[in-house]
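Novice: If you scroll down you'll find the structure; I have some questions about it.
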Amino acid sequence: MIGEVRDYQLALADGQVYTVPLAKEIAPGLLVYRIPDGMHPSSPHRWRIGHETSGRAVADAMTEEDAVKTAEVFGALVNWTQDMDALRATVDADELFAKAARYYPVLPARPEYQMRGDVSRNGVYTDADVEEAAAEAKADGLSAYDILIAMSHTVPWMGLDINQFNEAHDRIVTLADAD
């Protein structure tokens, strides 16, 4: 049911299965969820669109907002209640991603979109992260604009939805006494 939140069985190509809590159905057959900690630790794209019946990944996104919006676009273009073999036979993945990319920055779920080190906390921050970022910004003499640019390209900030990002930015700017 659209909007329902539930556990989801995520199946990897190697046969490994993860149980993902709090997956939300966005369109019939498509769920959005946060990739579990420990899974793909070098991928900053922590939000995923998954195919409900197969448990396979459809696309990755940096933020939950982008994943939800893209799942809505995908859901309007394809009947995702079909099994994966039927989808592979009828859906042109390049065309599907091209249509979605006009609006939202999503990527096919592929390992080549990775960063160095463990970035699995992307989009999740603590007060200590804010304090550390503020101290660094203050020491470097960054302006509010400079902080904004730096945040948009670094973990954990680049994985935040708009309101969360703005809140974190405001807190860092205030603590750093930035103009």
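Just so we're on the same page: first chain in the structure tokens is A, next is B, and so on; residues restart at 1 for each chain, and ligands are numbered from 1 in the order they show up.
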Can you list every residue in segment 36-137 of chain A that DSSP puts in alpha helix (DSSP H), as an NGL selection string?
Specialist: :A and (64-77 or 84-90 or 93-101 or 127-137)
Novice: Excluding segment 67-82 of chain A and residues on its chain fewer than 6 positions from it, collect all residues at most 12 Å away from it, counting only C-alpha atoms, and give them as a PyMOL selection string.
Specialist: chain A and resi 1-3+23-35+45-61+88-93+95-109+159+161
Novice: Identify, on the basis of only C-alpha atoms, every residue whose closest approach to Ser42 of chain A does not exceed 6 Å; exclude the query and any residue fewer than 4 positions from it along the same chain; express the result as a PyMOL selection string.
Specialist: chain A and resi 114-119
Novice: What gap, in Å, lies between atom CA of His169 of chain A and atom CA of Ala144 of chain A?
Specialist: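 Computing the Euclidean distance for atom CA of His169 of chain A and atom CA of Ala144 of chain A yields 8.1 Å.
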Novice: Please measure the separation of atom CA of Ala137 of chain A and atom CA of Ile172 of chain A, giving the value in Å to one decimal.
Specialist: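 Pair atom CA of Ala137 of chain A / atom CA of Ile172 of chain A returns 8.1 Å.
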Novice: Would you give me, as an MDAnalysis selection string, the residues in segment 35-143 of chain A that DSSP reads as strand (DSSP E or B)?
Specialist: chainID A and resid 47:51 57:61 106:108
Novice: Which residues are close to Leu160 of chain A, i.e. within 9 Å by only C-alpha atoms, leaving aside same-chain residues fewer than 2 positions away? Reply as a list in words.
Specialist: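 Everything that qualifies: Met62, Thr63, Glu64, Glu65, Asn122, Gly123, Val124, Tyr125, Pro156, Trp157, Met158, Ile162, Asn163, Gln164, Phe165 and Asn166 of chain A.
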Novice: Export, as a compact mmCIF listing (two decimals), in the first residue's frame, the selected residues with all heavy atoms.
Specialist:
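Contents of the output file again-v1.txt:
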# COMPACT_ATOMS: atom_id res chain seq x y z
N MET A 62 21.34 10.41 -3.31
CA MET A 62 22.07 11.01 -2.20
C MET A 62 21.14 11.30 -1.02
O MET A 62 21.53 11.17 0.13
CB MET A 62 22.75 12.30 -2.67
CG MET A 62 23.71 12.88 -1.67
SD MET A 62 25.22 11.92 -1.46
CE MET A 62 26.00 12.18 -3.03
N THR A 63 19.91 11.74 -1.32
CA THR A 63 18.99 12.12 -0.25
C THR A 63 17.69 11.34 -0.35
O THR A 63 17.32 10.85 -1.42
CB THR A 63 18.66 13.64 -0.31
OG1 THR A 63 17.88 13.89 -1.49
CG2 THR A 63 19.92 14.50 -0.30
N GLU A 64 17.00 11.29 0.75
CA GLU A 64 15.69 10.64 0.77
C GLU A 64 14.72 11.37 -0.15
O GLU A 64 13.95 10.75 -0.89
CB GLU A 64 15.13 10.60 2.20
CG GLU A 64 13.79 9.92 2.29
CD GLU A 64 13.24 9.88 3.71
OE1 GLU A 64 13.72 10.65 4.58
OE2 GLU A 64 12.32 9.09 3.95
N GLU A 65 14.76 12.70 -0.13
CA GLU A 65 13.88 13.49 -1.00
C GLU A 65 14.04 13.09 -2.46
O GLU A 65 13.04 12.89 -3.17
CB GLU A 65 14.19 14.99 -0.87
CG GLU A 65 13.78 15.59 0.44
CD GLU A 65 14.27 17.03 0.60
OE1 GLU A 65 15.23 17.44 -0.10
OE2 GLU A 65 13.70 17.74 1.43
N ASN A 122 26.75 9.20 5.79
CA ASN A 122 26.32 10.34 5.00
C ASN A 122 24.83 10.58 5.21
O ASN A 122 24.03 9.68 5.09
CB ASN A 122 26.61 10.14 3.52
CG ASN A 122 26.51 11.43 2.75
OD1 ASN A 122 26.70 12.51 3.29
ND2 ASN A 122 26.21 11.32 1.47
N GLY A 123 24.50 11.83 5.54
CA GLY A 123 23.11 12.18 5.78
C GLY A 123 22.69 12.02 7.22
O GLY A 123 21.54 12.27 7.57
N VAL A 124 23.61 11.61 8.08
CA VAL A 124 23.32 11.45 9.51
C VAL A 124 24.43 12.16 10.28
O VAL A 124 25.60 11.84 10.11
CB VAL A 124 23.30 9.96 9.92
CG1 VAL A 124 23.05 9.80 11.40
CG2 VAL A 124 22.27 9.20 9.11
N TYR A 125 24.06 13.14 11.09
CA TYR A 125 25.09 13.86 11.83
C TYR A 125 24.72 14.01 13.29
O TYR A 125 23.56 13.82 13.67
CB TYR A 125 25.33 15.25 11.20
CG TYR A 125 24.18 16.22 11.38
CD1 TYR A 125 24.17 17.11 12.45
CD2 TYR A 125 23.13 16.26 10.48
CE1 TYR A 125 23.12 18.01 12.62
CE2 TYR A 125 22.09 17.15 10.64
CZ TYR A 125 22.09 18.02 11.72
OH TYR A 125 21.05 18.90 11.88
N PRO A 156 29.11 14.39 6.47
CA PRO A 156 27.78 13.82 6.27
C PRO A 156 26.78 14.78 5.65
O PRO A 156 25.63 14.44 5.43
CB PRO A 156 27.34 13.47 7.69
CG PRO A 156 27.90 14.57 8.52
CD PRO A 156 29.25 14.87 7.87
N TRP A 157 27.22 15.99 5.36
CA TRP A 157 26.29 17.06 4.99
C TRP A 157 25.64 16.88 3.63
O TRP A 157 24.45 17.19 3.47
CB TRP A 157 27.02 18.40 5.07
CG TRP A 157 27.90 18.49 6.26
CD1 TRP A 157 29.27 18.49 6.28
CD2 TRP A 157 27.50 18.51 7.63
NE1 TRP A 157 29.73 18.53 7.57
CE2 TRP A 157 28.67 18.55 8.42
CE3 TRP A 157 26.27 18.51 8.27
CZ2 TRP A 157 28.64 18.58 9.81
CZ3 TRP A 157 26.23 18.55 9.65
CH2 TRP A 157 27.41 18.58 10.41
N MET A 158 26.37 16.41 2.62
CA MET A 158 25.81 16.35 1.28
C MET A 158 24.67 15.35 1.16
O MET A 158 23.91 15.39 0.20
CB MET A 158 26.90 16.04 0.25
CG MET A 158 27.51 14.68 0.35
SD MET A 158 28.80 14.54 -0.91
CE MET A 158 29.45 12.95 -0.51
N ILE A 162 16.92 18.91 2.23
CA ILE A 162 17.05 20.37 2.23
C ILE A 162 16.89 20.99 3.61
O ILE A 162 17.74 21.78 4.05
CB ILE A 162 16.05 20.99 1.23
CG1 ILE A 162 16.42 20.59 -0.19
CG2 ILE A 162 16.02 22.51 1.37
CD1 ILE A 162 15.36 20.90 -1.22
N ASN A 163 15.82 20.67 4.31
CA ASN A 163 15.59 21.30 5.62
C ASN A 163 16.66 20.90 6.63
O ASN A 163 17.12 21.74 7.41
CB ASN A 163 14.19 20.96 6.15
CG ASN A 163 13.11 21.63 5.36
OD1 ASN A 163 13.32 22.66 4.70
ND2 ASN A 163 11.91 21.06 5.39
N GLN A 164 17.06 19.64 6.62
CA GLN A 164 18.12 19.20 7.53
C GLN A 164 19.44 19.89 7.21
O GLN A 164 20.17 20.30 8.11
CB GLN A 164 18.31 17.68 7.42
CG GLN A 164 17.12 16.87 7.85
CD GLN A 164 17.26 15.43 7.42
OE1 GLN A 164 17.77 15.12 6.33
NE2 GLN A 164 16.79 14.52 8.26
N PHE A 165 19.74 20.02 5.93
CA PHE A 165 20.97 20.68 5.51
C PHE A 165 20.97 22.14 5.98
O PHE A 165 21.96 22.62 6.54
CB PHE A 165 21.11 20.63 3.98
CG PHE A 165 22.39 21.23 3.46
CD1 PHE A 165 23.50 20.44 3.27
CD2 PHE A 165 22.47 22.58 3.18
CE1 PHE A 165 24.69 20.99 2.79
CE2 PHE A 165 23.64 23.15 2.69
CZ PHE A 165 24.76 22.35 2.50
N ASN A 166 19.87 22.83 5.74
CA ASN A 166 19.78 24.24 6.14
C ASN A 166 19.92 24.41 7.65
O ASN A 166 20.59 25.33 8.12
CB ASN A 166 18.48 24.86 5.65
CG ASN A 166 18.44 25.02 4.15
OD1 ASN A 166 19.47 25.02 3.49
ND2 ASN A 166 17.25 25.15 3.60
